Each structure stands twice: as structure tokens, then as C-alpha cells.
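S.K.: I'm passing along input.txt; it holds compact mmCIF, C-alpha atoms and all ligand atoms.
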```txt
# COMPACT_ATOMS: atom_id res chain seq x y z
CA MET K 283 -18.57 -5.91 46.55
CA ALA K 284 -15.29 -7.79 46.50
CA ASP K 285 -16.47 -11.34 46.91
CA VAL K 286 -13.95 -14.15 46.91
CA ILE K 287 -14.66 -17.74 46.00
CA VAL K 288 -12.79 -20.44 47.85
CA ARG K 289 -12.96 -24.08 46.77
CA ARG K 290 -13.22 -26.49 49.66
CA LYS K 291 -11.35 -29.77 49.16
CA ILE K 292 -12.76 -32.03 51.88
CA CYS K 293 -16.14 -32.97 53.30
CA ARG K 294 -17.37 -30.40 55.79
CA LEU K 295 -18.49 -33.14 58.21
CA CYS K 296 -16.11 -36.11 57.91
CA ARG K 297 -13.03 -34.67 56.11
CA CYS K 298 -13.25 -37.29 53.36
CA GLU K 299 -11.55 -36.20 50.13
CA VAL K 300 -13.77 -38.17 47.78
CA LEU K 301 -16.72 -36.00 46.83
CA ASP K 302 -18.94 -36.69 43.83
CA LEU K 303 -20.73 -33.99 41.87
CA ALA K 304 -24.40 -34.76 42.53
CA LEU K 305 -26.42 -31.79 41.23
CA THR K 306 -25.51 -28.80 39.08
CA LEU K 307 -27.67 -25.72 38.78
CA LEU K 308 -26.76 -22.91 36.39
CA PRO K 309 -24.30 -20.39 37.87
CA SER K 310 -26.07 -17.62 39.72
CA ALA K 311 -25.51 -14.20 41.22
CA LEU K 312 -25.64 -14.15 45.03
CA ALA K 313 -29.23 -14.86 45.92
CA ASP K 314 -29.80 -12.09 48.47
CA GLU K 315 -28.03 -9.30 46.61
CA PHE K 316 -31.02 -7.24 45.57
CA LEU K 317 -29.64 -3.85 44.54
CA LEU K 318 -30.94 -0.37 45.18
CA THR K 319 -31.99 1.26 41.92
CA SER K 320 -29.11 3.72 42.38
CA GLN K 321 -26.72 0.73 42.15
CA HIS K 322 -27.91 -0.35 38.70
CA ASN K 323 -24.40 0.01 37.23
CA LEU K 324 -22.83 -2.43 39.70
CA GLU K 325 -21.44 -5.61 38.21
CA GLN K 326 -22.74 -8.76 39.88
CA ALA K 327 -20.67 -11.85 39.21
CA LYS K 328 -22.21 -15.30 38.82
CA TYR K 329 -20.78 -18.18 40.81
CA PRO K 330 -21.05 -21.94 40.24
CA LEU K 331 -23.86 -23.74 42.04
CA ASP K 332 -22.73 -27.34 42.34
CA LEU K 333 -23.79 -29.78 45.04
CA TYR K 334 -21.43 -32.57 46.03
CA LEU K 335 -22.13 -35.82 47.84
CA CYS K 336 -19.50 -37.20 50.21
CA ARG K 337 -18.74 -40.78 49.30
CA LYS K 338 -17.91 -41.69 52.88
CA CYS K 339 -20.62 -40.10 55.06
CA GLY K 340 -23.27 -39.22 52.45
CA PHE K 341 -23.41 -35.51 53.33
CA SER K 342 -24.59 -33.19 50.53
CA GLN K 343 -22.89 -29.81 50.40
CA LEU K 344 -21.62 -26.92 48.28
CA LEU K 345 -17.83 -26.77 48.07
CA ASP K 346 -17.58 -23.31 46.50
CA VAL K 347 -17.68 -20.87 49.38
CA VAL K 348 -18.31 -17.25 48.47
CA THR K 349 -16.99 -14.92 51.12
CA GLY K 350 -17.36 -11.20 51.26
CA ASN K 351 -19.27 -8.54 53.03
CA THR K 352 -22.44 -8.71 51.09
CA ILE K 353 -24.02 -12.08 51.61
CA TYR K 354 -25.78 -11.50 54.96
CA LEU K 355 -26.81 -7.91 54.53
CA ASN K 356 -30.37 -8.19 53.36
CA TYR K 357 -31.96 -9.88 56.33
CA THR K 358 -34.82 -7.89 57.72
CA HIS K 359 -37.09 -7.67 60.73
CA GLU K 360 -39.92 -7.13 58.32
CA THR K 361 -39.52 -10.53 56.65
CA ILE K 362 -39.47 -12.38 59.96
CA SER K 363 -42.63 -10.77 61.27
CA ALA K 364 -44.60 -10.87 58.02
CA THR K 365 -43.96 -14.53 57.20
CA GLY K 366 -45.04 -15.74 60.63
CA LEU K 367 -41.54 -16.94 61.45
CA GLY K 368 -41.59 -14.87 64.64
CA THR K 369 -44.49 -17.01 65.88
CA HIS K 370 -42.62 -20.11 64.77
CA PHE K 371 -39.60 -19.20 66.91
CA ILE K 372 -41.72 -18.32 69.96
CA LYS K 373 -43.35 -21.77 69.71
CA TYR K 374 -39.90 -23.30 69.16
CA SER K 375 -38.66 -21.78 72.45
CA ARG K 376 -41.72 -23.03 74.35
CA ASP K 377 -41.49 -26.57 72.93
CA VAL K 378 -37.76 -26.83 73.59
CA ALA K 379 -38.05 -25.36 77.11
CA ALA K 380 -40.78 -27.91 77.90
CA ALA K 381 -38.85 -30.84 76.40
CA LEU K 382 -35.55 -30.09 78.13
CA SER K 383 -37.13 -29.03 81.45
CA PHE K 384 -34.25 -27.01 82.88
CA PRO K 385 -35.03 -24.86 85.95
CA PRO K 386 -35.80 -21.12 85.61
CA SER K 387 -32.85 -18.75 85.28
CA THR K 388 -30.93 -21.35 83.25
CA LEU K 389 -28.63 -19.60 80.77
CA MET K 390 -29.35 -20.13 77.07
CA ILE K 391 -27.46 -18.73 74.10
CA ASP K 392 -28.65 -18.35 70.52
CA ILE K 393 -25.95 -18.16 67.86
CA GLY K 394 -27.00 -16.06 64.88
CA SER K 395 -29.91 -14.59 66.83
CA HIS K 396 -30.27 -11.81 64.23
CA ASP K 397 -31.37 -14.59 61.87
CA ASN K 398 -34.67 -14.89 63.73
CA ASP K 399 -34.86 -11.27 64.86
CA GLY K 400 -34.31 -12.31 68.49
CA SER K 401 -37.74 -14.03 68.55
CA LEU K 402 -36.30 -17.27 69.92
CA LEU K 403 -34.51 -15.44 72.75
CA ARG K 404 -37.62 -13.48 73.64
CA GLY K 405 -39.51 -16.76 73.95
CA PHE K 406 -36.86 -18.30 76.21
CA LYS K 407 -36.71 -15.08 78.25
CA ASP K 408 -40.48 -15.20 78.78
CA ALA K 409 -40.07 -18.83 79.91
CA GLY K 410 -37.78 -17.57 82.71
CA TYR K 411 -34.39 -18.30 81.13
CA ARG K 412 -31.42 -15.96 81.16
CA VAL K 413 -30.64 -15.29 77.50
CA LEU K 414 -27.72 -14.08 75.43
CA GLY K 415 -27.67 -13.65 71.66
CA LEU K 416 -24.65 -13.94 69.45
CA GLY K 417 -24.89 -12.21 66.12
CA ILE K 418 -22.41 -12.47 63.32
CA ASP K 419 -20.18 -9.70 62.22
CA PRO K 420 -22.05 -7.99 59.36
CA ALA K 421 -25.19 -7.89 61.47
CA ARG K 422 -23.85 -5.38 64.00
CA GLU K 423 -26.77 -3.07 63.49
CA MET K 424 -29.27 -5.81 64.25
CA SER K 425 -27.32 -6.89 67.30
CA ARG K 426 -27.59 -3.36 68.62
CA ASN K 427 -31.32 -3.27 67.90
CA ALA K 428 -31.86 -6.50 69.81
CA THR K 429 -29.75 -5.24 72.73
CA GLU K 430 -31.80 -2.07 72.84
CA ALA K 431 -34.92 -4.25 72.93
CA GLY K 432 -33.70 -5.73 76.23
CA ILE K 433 -31.83 -8.81 75.00
CA GLU K 434 -28.07 -8.71 75.27
CA THR K 435 -26.59 -9.55 71.89
CA ARG K 436 -22.91 -9.64 70.99
CA PRO K 437 -22.00 -9.04 67.37
CA GLU K 438 -18.79 -11.11 67.21
CA PHE K 439 -18.50 -14.32 65.24
CA PHE K 440 -18.64 -17.26 67.63
CA THR K 441 -15.29 -18.96 68.34
CA SER K 442 -13.73 -20.97 71.20
CA GLU K 443 -12.05 -17.79 72.43
CA LEU K 444 -15.33 -15.89 72.56
CA GLY K 445 -16.84 -18.95 74.25
CA ARG K 446 -14.27 -18.73 77.06
CA LYS K 447 -15.00 -15.03 77.54
CA ILE K 448 -18.73 -15.74 77.71
CA ALA K 449 -18.26 -18.58 80.20
CA GLY K 450 -16.16 -16.24 82.37
CA ALA K 451 -18.72 -13.44 82.29
CA HIS K 452 -22.01 -15.37 82.30
CA GLY K 453 -21.30 -19.01 83.20
CA ARG K 454 -21.84 -22.07 81.03
CA PRO K 455 -25.15 -22.23 79.14
CA LYS K 456 -27.30 -25.35 79.39
CA VAL K 457 -28.99 -24.61 76.08
CA ILE K 458 -27.24 -23.38 72.95
CA THR K 459 -29.25 -22.90 69.78
CA ALA K 460 -28.24 -22.09 66.22
CA ASN K 461 -30.78 -22.33 63.46
CA ASN K 462 -30.74 -21.63 59.77
CA ILE K 463 -27.35 -19.99 60.21
CA TYR K 464 -25.76 -23.40 60.94
CA ALA K 465 -26.16 -24.46 57.28
CA ASN K 466 -24.35 -21.28 56.21
CA ILE K 467 -21.15 -21.91 58.16
CA ASP K 468 -18.17 -23.31 56.28
CA ASP K 469 -16.07 -24.33 59.29
CA LEU K 470 -18.72 -26.48 60.98
CA GLU K 471 -16.13 -28.41 62.94
CA GLY K 472 -14.64 -25.23 64.43
CA ILE K 473 -17.95 -23.79 65.54
CA THR K 474 -19.23 -27.12 66.85
CA VAL K 475 -16.12 -27.69 68.97
CA ALA K 476 -16.53 -24.15 70.33
CA ILE K 477 -20.16 -24.96 71.19
CA ARG K 478 -19.12 -28.19 72.96
CA GLU K 479 -16.45 -26.38 74.97
CA LEU K 480 -18.81 -23.61 76.07
CA MET K 481 -21.83 -25.79 76.87
CA ALA K 482 -22.48 -27.06 80.43
CA ASP K 483 -21.83 -30.80 80.89
CA ASP K 484 -25.57 -31.53 81.01
CA GLY K 485 -26.26 -28.95 78.29
CA VAL K 486 -28.03 -29.45 74.98
CA PHE K 487 -27.23 -27.95 71.60
CA VAL K 488 -30.37 -27.49 69.48
CA PHE K 489 -30.41 -26.43 65.86
CA GLU K 490 -32.95 -26.37 63.09
CA SER K 491 -32.26 -26.37 59.38
CA PHE K 492 -34.05 -27.30 56.16
CA TYR K 493 -33.92 -31.07 55.70
CA ALA K 494 -32.19 -32.64 52.67
CA LEU K 495 -34.77 -35.42 52.30
CA ASP K 496 -37.72 -32.98 52.25
CA TRP K 497 -35.72 -30.63 50.03
CA ILE K 498 -35.65 -33.33 47.34
CA LYS K 499 -39.05 -34.88 48.03
CA ASN K 500 -40.86 -31.53 48.01
CA LYS K 501 -38.80 -30.27 45.05
CA VAL K 502 -37.72 -27.16 46.95
CA PHE K 503 -34.64 -27.04 44.72
CA ASP K 504 -34.67 -23.25 44.72
CA PHE K 505 -33.43 -23.43 48.31
CA MET K 506 -30.04 -24.19 46.80
CA TYR K 507 -28.02 -20.97 46.73
CA HIS K 508 -24.51 -19.95 47.75
CA GLU K 509 -25.40 -18.98 51.31
CA HIS K 510 -26.74 -22.50 51.96
CA LEU K 511 -23.56 -24.52 52.15
CA SER K 512 -25.00 -27.56 53.94
CA TYR K 513 -27.97 -29.80 53.05
CA PHE K 514 -28.28 -31.61 56.37
CA SER K 515 -29.64 -35.06 57.07
CA VAL K 516 -29.53 -37.21 60.20
CA LYS K 517 -27.15 -40.01 59.22
CA PRO K 518 -24.06 -37.92 58.33
CA LEU K 519 -24.67 -35.62 61.33
CA LYS K 520 -24.85 -38.56 63.74
CA VAL K 521 -21.33 -39.63 62.65
CA PHE K 522 -20.05 -36.03 62.70
CA PHE K 523 -21.16 -35.32 66.27
CA ASP K 524 -19.87 -38.70 67.43
CA ARG K 525 -16.41 -37.87 66.08
CA LEU K 526 -16.48 -34.58 68.02
CA GLY K 527 -17.40 -36.24 71.32
CA MET K 528 -21.10 -35.43 71.06
CA ASP K 529 -24.31 -37.40 70.80
CA LEU K 530 -27.20 -36.57 68.46
CA PHE K 531 -29.96 -38.00 70.66
CA ASP K 532 -33.23 -36.70 69.20
CA VAL K 533 -34.64 -35.20 65.99
CA TRP K 534 -38.02 -33.52 65.38
CA PRO K 535 -39.42 -32.90 61.91
CA VAL K 536 -40.77 -29.33 61.50
CA ALA K 537 -42.77 -27.83 58.65
CA THR K 538 -40.86 -24.60 57.96
CA LYS K 539 -38.75 -23.92 54.84
CA GLY K 540 -40.41 -26.64 52.76
CA GLY K 541 -39.51 -29.24 55.43
CA SER K 542 -36.95 -28.83 58.21
CA MET K 543 -35.46 -30.91 61.00
CA ARG K 544 -34.68 -29.88 64.57
CA TYR K 545 -31.64 -31.66 66.01
CA PHE K 546 -30.83 -32.20 69.73
CA VAL K 547 -27.21 -32.86 70.65
CA GLN K 548 -25.54 -33.45 74.04
CA LYS K 549 -21.98 -34.18 75.12
CA LYS K 550 -21.20 -37.89 75.07
CA SER K 551 -21.14 -37.81 78.88
CA GLY K 552 -24.71 -36.43 78.83
CA LYS K 553 -27.44 -38.40 80.58
CA ARG K 554 -30.28 -37.99 78.10
CA THR K 555 -31.54 -41.16 76.46
CA SER K 556 -31.20 -41.59 72.72
CA GLN K 557 -34.65 -41.41 71.13
CA PRO K 558 -36.01 -43.83 68.48
CA SER K 559 -36.56 -40.79 66.19
CA VAL K 560 -32.86 -40.80 65.28
CA ASN K 561 -32.62 -44.35 63.95
CA LEU K 562 -36.04 -44.05 62.38
CA ALA K 563 -34.93 -41.00 60.41
CA ILE K 564 -31.70 -42.72 59.33
CA GLU K 565 -33.68 -45.76 58.14
CA ASN K 566 -35.99 -43.45 56.23
CA GLU K 567 -33.03 -41.66 54.61
CA ASP K 568 -31.44 -44.97 53.56
CA ASN K 569 -34.72 -46.25 52.12
CA PHE K 570 -35.21 -43.00 50.20
CA GLY K 571 -31.72 -43.35 48.67
CA LEU K 572 -30.58 -39.99 50.07
CA PHE K 573 -26.92 -41.02 49.92
CA THR K 574 -26.89 -42.31 46.34
CA LEU K 575 -26.07 -40.32 43.21
CA LYS K 576 -29.04 -41.88 41.42
CA THR K 577 -31.47 -39.96 43.67
CA PHE K 578 -29.84 -36.68 42.66
CA THR K 579 -29.86 -37.62 38.97
CA THR K 580 -33.61 -38.27 39.22
CA PHE K 581 -34.05 -34.96 41.06
CA ALA K 582 -32.12 -33.13 38.33
CA ALA K 583 -34.34 -34.72 35.66
CA GLN K 584 -37.49 -33.60 37.50
CA ILE K 585 -36.15 -30.04 37.71
CA GLU K 586 -35.24 -30.11 34.00
CA LYS K 587 -38.73 -31.28 33.05
CA LEU K 588 -40.35 -28.47 35.06
CA LYS K 589 -38.00 -25.93 33.48
CA ASN K 590 -38.93 -27.12 29.99
CA GLU K 591 -42.64 -27.00 30.78
CA ALA K 592 -42.32 -23.43 32.03
CA LEU K 593 -40.26 -22.22 29.06
CA THR K 594 -42.37 -24.04 26.48
CA PHE K 595 -45.39 -22.24 27.87
CA MET K 596 -43.83 -18.81 28.41
CA ASN K 597 -41.54 -18.29 25.40
CA PRO K 598 -44.32 -18.14 22.76
CA LEU K 599 -46.39 -15.85 24.98
CA VAL K 600 -43.58 -13.34 25.30
CA ALA K 601 -42.79 -13.64 21.56
CA SER K 602 -46.39 -12.69 20.81
CA GLY K 603 -46.17 -9.60 23.02
CA LYS K 604 -47.82 -10.86 26.21
CA LYS K 605 -46.56 -9.43 29.48
CA ILE K 606 -45.52 -11.67 32.38
CA ALA K 607 -44.78 -10.34 35.87
CA GLY K 608 -43.20 -12.29 38.76
CA PHE K 609 -44.50 -12.61 42.33
CA GLY K 610 -41.97 -12.87 45.18
CA ALA K 611 -38.47 -11.42 45.42
CA SER K 612 -36.60 -13.63 47.85
CA ALA K 613 -33.33 -15.55 47.66
CA THR K 614 -35.15 -18.55 46.13
CA THR K 615 -36.36 -16.28 43.31
CA THR K 616 -32.74 -15.74 42.29
CA THR K 617 -32.05 -19.48 41.95
CA LEU K 618 -35.30 -20.08 40.08
CA MET K 619 -34.73 -17.13 37.74
CA HIS K 620 -31.15 -18.16 36.93
CA HIS K 621 -31.66 -21.90 36.63
CA PHE K 622 -34.90 -21.67 34.62
CA GLU K 623 -33.40 -18.85 32.48
CA LEU K 624 -36.50 -16.75 32.90
CA GLU K 625 -34.94 -13.31 32.71
CA LYS K 626 -36.16 -12.48 29.21
CA ASN K 627 -39.70 -13.52 30.09
CA ILE K 628 -40.27 -11.47 33.24
CA SER K 629 -41.06 -7.75 32.84
CA PHE K 630 -41.06 -6.90 36.55
CA ILE K 631 -41.42 -8.55 39.95
CA VAL K 632 -43.70 -7.62 42.84
CA ASP K 633 -43.19 -8.34 46.52
CA ASP K 634 -45.16 -7.54 49.68
CA PHE K 635 -42.06 -6.62 51.67
CA LYS K 636 -41.26 -2.91 51.54
CA VAL K 637 -37.52 -3.51 51.81
CA LYS K 638 -37.59 -5.40 48.51
CA GLN K 639 -39.70 -2.83 46.69
CA ASN K 640 -37.84 -0.46 44.36
CA THR K 641 -34.85 -2.78 44.19
CA LEU K 642 -33.33 -4.69 41.27
CA SER K 643 -33.09 -8.47 41.18
CA PRO K 644 -29.62 -10.03 41.62
CA GLY K 645 -27.75 -10.51 38.33
CA HIS K 646 -30.55 -9.62 35.92
CA LYS K 647 -31.58 -6.33 37.52
CA ILE K 648 -35.28 -6.84 36.92
CA PRO K 649 -37.19 -4.12 38.85
CA VAL K 650 -39.14 -5.09 41.97
CA PHE K 651 -42.28 -3.13 42.90
CA SER K 652 -45.19 -3.20 45.32
CA PRO K 653 -48.04 -5.58 44.33
CA ASP K 654 -50.17 -2.47 43.64
CA VAL K 655 -48.30 -2.23 40.34
CA ILE K 656 -50.12 -5.38 39.16
CA TYR K 657 -53.29 -3.30 38.88
CA GLN K 658 -51.55 -0.46 37.07
CA GLU K 659 -49.63 -2.56 34.56
CA ASN K 660 -52.19 -5.39 34.19
CA PRO K 661 -49.75 -8.12 33.11
CA ASP K 662 -51.33 -11.03 31.18
CA TYR K 663 -49.70 -13.56 33.50
CA ILE K 664 -48.05 -13.62 36.91
CA PHE K 665 -45.33 -16.20 37.42
CA ILE K 666 -45.32 -17.16 41.12
CA PHE K 667 -41.69 -17.38 42.23
CA ALA K 668 -42.90 -17.75 45.83
CA TRP K 669 -44.70 -20.97 44.81
CA ARG K 670 -44.86 -22.40 48.35
CA TYR K 671 -47.24 -19.53 49.17
CA VAL K 672 -49.41 -19.91 46.08
CA HIS K 673 -52.70 -20.18 48.00
CA PRO K 674 -52.37 -17.04 50.14
CA ILE K 675 -51.01 -15.09 47.16
CA ILE K 676 -53.89 -15.98 44.86
CA ALA K 677 -56.46 -15.52 47.64
CA LYS K 678 -55.15 -11.98 48.12
CA HIS K 679 -55.26 -11.24 44.40
CA LYS K 680 -58.61 -12.70 43.31
CA ARG K 681 -59.36 -9.33 41.77
CA TYR K 682 -56.54 -9.92 39.29
CA LEU K 683 -58.03 -13.32 38.37
CA GLU K 684 -61.50 -11.84 38.00
CA GLN K 685 -60.10 -9.23 35.64
CA GLY K 686 -58.88 -12.06 33.41
CA GLY K 687 -55.34 -12.40 34.77
CA LYS K 688 -53.64 -15.79 34.97
CA PHE K 689 -51.09 -17.24 37.37
CA ILE K 690 -48.23 -19.51 36.32
CA VAL K 691 -47.21 -21.91 39.11
CA PRO K 692 -43.87 -23.57 38.30
CA LEU K 693 -43.56 -26.06 41.16
CA PRO K 694 -44.06 -28.69 42.54
CA GLU K 695 -46.05 -29.35 39.32
CA PHE K 696 -46.36 -26.87 36.48
CA LYS K 697 -49.83 -25.38 36.19
CA VAL K 698 -51.68 -22.31 35.04
CA ILE K 699 -54.51 -20.93 37.16
CA ASP K 700 -57.22 -18.65 35.83
CA LYS K 701 -60.72 -17.87 37.10
CA SER K 702 -62.14 -21.03 35.49
CA ASN K 703 -59.99 -23.50 37.43
CA PHE K 704 -59.33 -21.46 40.59
CA GLY K 705 -60.65 -23.46 43.51
CA GLU K 706 -59.62 -26.80 42.03
CA THR K 707 -56.08 -26.17 43.20
ZN ZN T 801 -18.31 -36.81 54.59
```
Let me see the structure of the file written as C-alpha cells.
Ligand SMILES: [Zn+2]
M.R.:
Amino acid sequence: MADVIVRRKICRLCRCEVLDLALTLLPSALADEFLLTSQHNLEQAKYPLDLYLCRKCGFSQLLDVVTGNTIYLNYTHETISATGLGTHFIKYSRDVAAALSFPPSTLMIDIGSHDNDGSLLRGFKDAGYRVLGLGIDPAREMSRNATEAGIETRPEFFTSELGRKIAGAHGRPKVITANNIYANIDDLEGITVAIRELMADDGVFVFESFYALDWIKNKVFDFMYHEHLSYFSVKPLKVFFDRLGMDLFDVWPVATKGGSMRYFVQKKSGKRTSQPSVNLAIENEDNFGLFTLKTFTTFAAQIEKLKNEALTFMNPLVASGKKIAGFGASATTTTLMHHFELEKNISFIVDDFKVKQNTLSPGHKIPVFSPDVIYQENPDYIFIFAWRYVHPIIAKHKRYLEQGGKFIVPLPEFKVIDKSNFGET
């Protein structure tokens, strides 16, 4: 577990050296490092969680890059299928195939295909494309699984050199995709140049990532953790791709991850027409104040207010002997737990995903169980860490409400739900 922290000195997109601290969350353990119970003695360091705004291009980003072998290890097939993301990626492939209208047997490549369990490639394959997945190093096992499932997947990290090998063996792809993984890459310039070099001249690079404007507007602040280095928006990306000889010609808003954006990029020599969506999004970002420090100060104040509301409610309960459980053990839980300083208030966490059950939460080592434990332990309250899924969670656990249990919902507004007000939410 030898993680190393490297401090980046320049903007990841435009190389500017003037970066202003825009938002500070309390230092946190690595968000995905849920431990096996047998690892309870392992030390888990906390790392700073500071977001910087580039004064030149307005890009928001983490500069502290934690590298090591641990950060990508907890991704699971189970999570993808159970959260409906598999369906999302199948639809993604259909929509993109229809929009780009390349002929059948066109080659497409997905970088970080383990990230979506190969769902995107399967969709493109069904649409008649030739497909190739590129994993990243720690995901070797998953790459092998996908290959065994009939989709060729190479586990190497994507570089220009690998790109040349691929072009030699398979030809130049007309579609290259990279999704949530793109926000996790420190050397964006390196990978993007490699993509440009590999892509066919009329090819399109498509990627989808959570969207900085929605991230603030929808208060999804718990999406900020060390793995997420980039908080993308259209304006800084437009300038970035232009500098690298590419053209961001279309953007589509998508609902996943609390609000995401799908970006379409071609080489500058490409023939596709620039869509009004790009300038419209940039105008929207400027009007929102996405590139000003003031917007982040306001965001920080909103987060602080919600934290105080939660602690003011929970601290006296715990002091008087009430028991509070948590619902949801994902990476966002780690940020919420650390930044809201909830560790003394949460007795245990439950999660639907088997892979998370019987683990310990990162940093605080709070035990995670199956939701069945709710009905054995009968906690007085359940704090919903997975607050974006509050409706399906409560609908599934009406029995707990009917037995007198109460849910604490921390975001986007603090509220407590019991059987008397359930249904008003
Ligand atoms: Zn910049």
C-alpha cells in the first residue's frame, strides 16, 4: 500500500502556472480503499483534497496526484450491472453509432473499457462495429474476463507507442471512446496526443465525464476524491483540444453521475460541422460564474451549512445513546464521511453490493454489512450516504420506516424522513 503523492505544478489542460485554491475539503483516505476485515491493522494515510482553478483557462482540478497500486482495484462487475450503468453504456453505444453513422465493420476502441465492464464495446459490437478494449494496468484480471467474453481487451496503459502497435495490427479506429477514466488521468496531454495519432483522419474521439457545472449546481460535492483529478467543463476543453490540433465540435448533456457531459472531438482537418451546443454550453458556464473563485466560495459555504445541520442534529442523538447506521458504501461515502466528520456518529454501514459487505470503510474502518443487518440491529436512524438514490432506498426499506425508523438525508437539502412525512419527499 505504498502510495506516493506528487504535487503537480501546472494546469493539466493549458500548462499555466497560476492556479488558485478554489475549494478545500478535509483530507481523506483514498475513497475506494475499502479493506477486508482481515486487513483491519493496515494504516491508511489521509491525503489533501484541494481543488484549484486555473487562472488562464478556468479549468478546475486536483493538483495532488496519489499514485500507487491500490486506487483502481475495487471496481466491480457487480456495481455496473446493479446500478443500471450497463444499460446506460449500451444506450450510449447506440446513440453514438447513430449520430456518427460510420459503416458496419468500422473499428472502434474504448480506453479504460474495464471501467464500464465492456458494456460499451458490447453495444458497438452488436451495432456491427469491430471493437477493441484497452484496460489499464491494475485491471489485468478484468481485461482477461472481457477477452474471454469475446471482446479483445489489452491490459496495457494507452500510449503513443501502443497506439502505433494497434494501428499496425488492426488499422486506425474511426471511433475512440474513453469515459469516466479520462477524469482520472494526470497526463491528459500525453494520452490525448496518443489518441489523435491513432485515430483515423475522419475519426471521432468521444468521452463522457461528470460535468463541473452540474457538480456544483446539484451539490454533488462528494464526487470530489483523489481518483477524480479533473472537473471538466466545455470552455477549458475547447481551448485544450484546439492547442492539440483537435476540434471539440459537439457536447451532449447526460444524466448520469449527478450530471455529466458527453464530448465529441475530431481532428482539426475533420469535416464535421461545429454544433451550436458547444457555444451554448460555454455561454451557460460563463453566466453561471464557473470560472470565478466566488462561485467556489459560495459552494464551500453551502457545503459547510449542510455539514453543520447534519452534525447539529446527529451529535446530541449519539450523546443520548441513539444508534445511527449509514446506507451506501461507495467512494462518495468516503468523502462525505471525512468532510462531514461523521465517523463518531455512524455505528455501521450497509450496502446492497456483496463485494462491499464485510469490509471496513477507508480511514475510519467502520464495518460494512448487508442491509439485512438493519432489521437485526434496528438502528434509530439511517444516514443515507447514497443520497442521490434516496427514493429507491426508502421504497425498498418501508418496513424500517413502519417500525419507527427514521432516515437522515444530508443532501441536496438536509432532511429527516419518518413514516409521518414519507411521501412528501
Ligand atoms: Zn489552464
S.K.: If you measure from atom CA of K:Arg544 to atom CA of K:Glu315, what distance in Å do you get, rounded to one decimal?
M.R.: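 Computed distance, atom CA of K:Arg544 to atom CA of K:Glu315, equals 28.1 Å.
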S.K.: Residues at most 10 Å from ligand ZN 801 (chain T), using only C-alpha atoms and all ligand atoms? Could they come as a list of chain:residue names?
M.R.: K:Ile292, K:Cys293, K:Arg294, K:Leu295, K:Cys296, K:Arg297, K:Cys298, K:Glu299, K:Val300, K:Leu301, K:Leu335, K:Cys336, K:Arg337, K:Lys338, K:Cys339, K:Gly340, K:Phe341, K:Ser342, K:Gln343, K:Pro518, K:Leu519, K:Val521, K:Phe522
S.K.: Give me the residues near stretch 505-513 of chain K as an MDAnalysis selection string, where near means some atom within 9 Å (using only C-alpha atoms) and where sequence neighbours in that chain fewer than 2 positions away do not count.
M.R.: chainID K and resid 294 307 310:314 329:331 333 341:348 353:354 462:468 491:495 497 502:503 515 539:540 613:614 616:617
S.K.: What's around K:Met481 at 9 Å? Count all atoms listed in the file, leave out sequence neighbours fewer than 6 positions away in its own chain, and write the answer as a list in words.
M.R.: Gly445, Ala449, Arg454, Pro455, Lys456, Val457, Ile458, Phe487, Gln548 and Lys549 of chain K
S.K.: Just checking: using all atoms listed in the file, which residue out of K:Phe665, K:Tyr657, K:Tyr334, K:Tyr374 ends up closest to K:Leu403?
M.R.: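 Closest residue, counting all atoms listed in the file: K:Tyr374.
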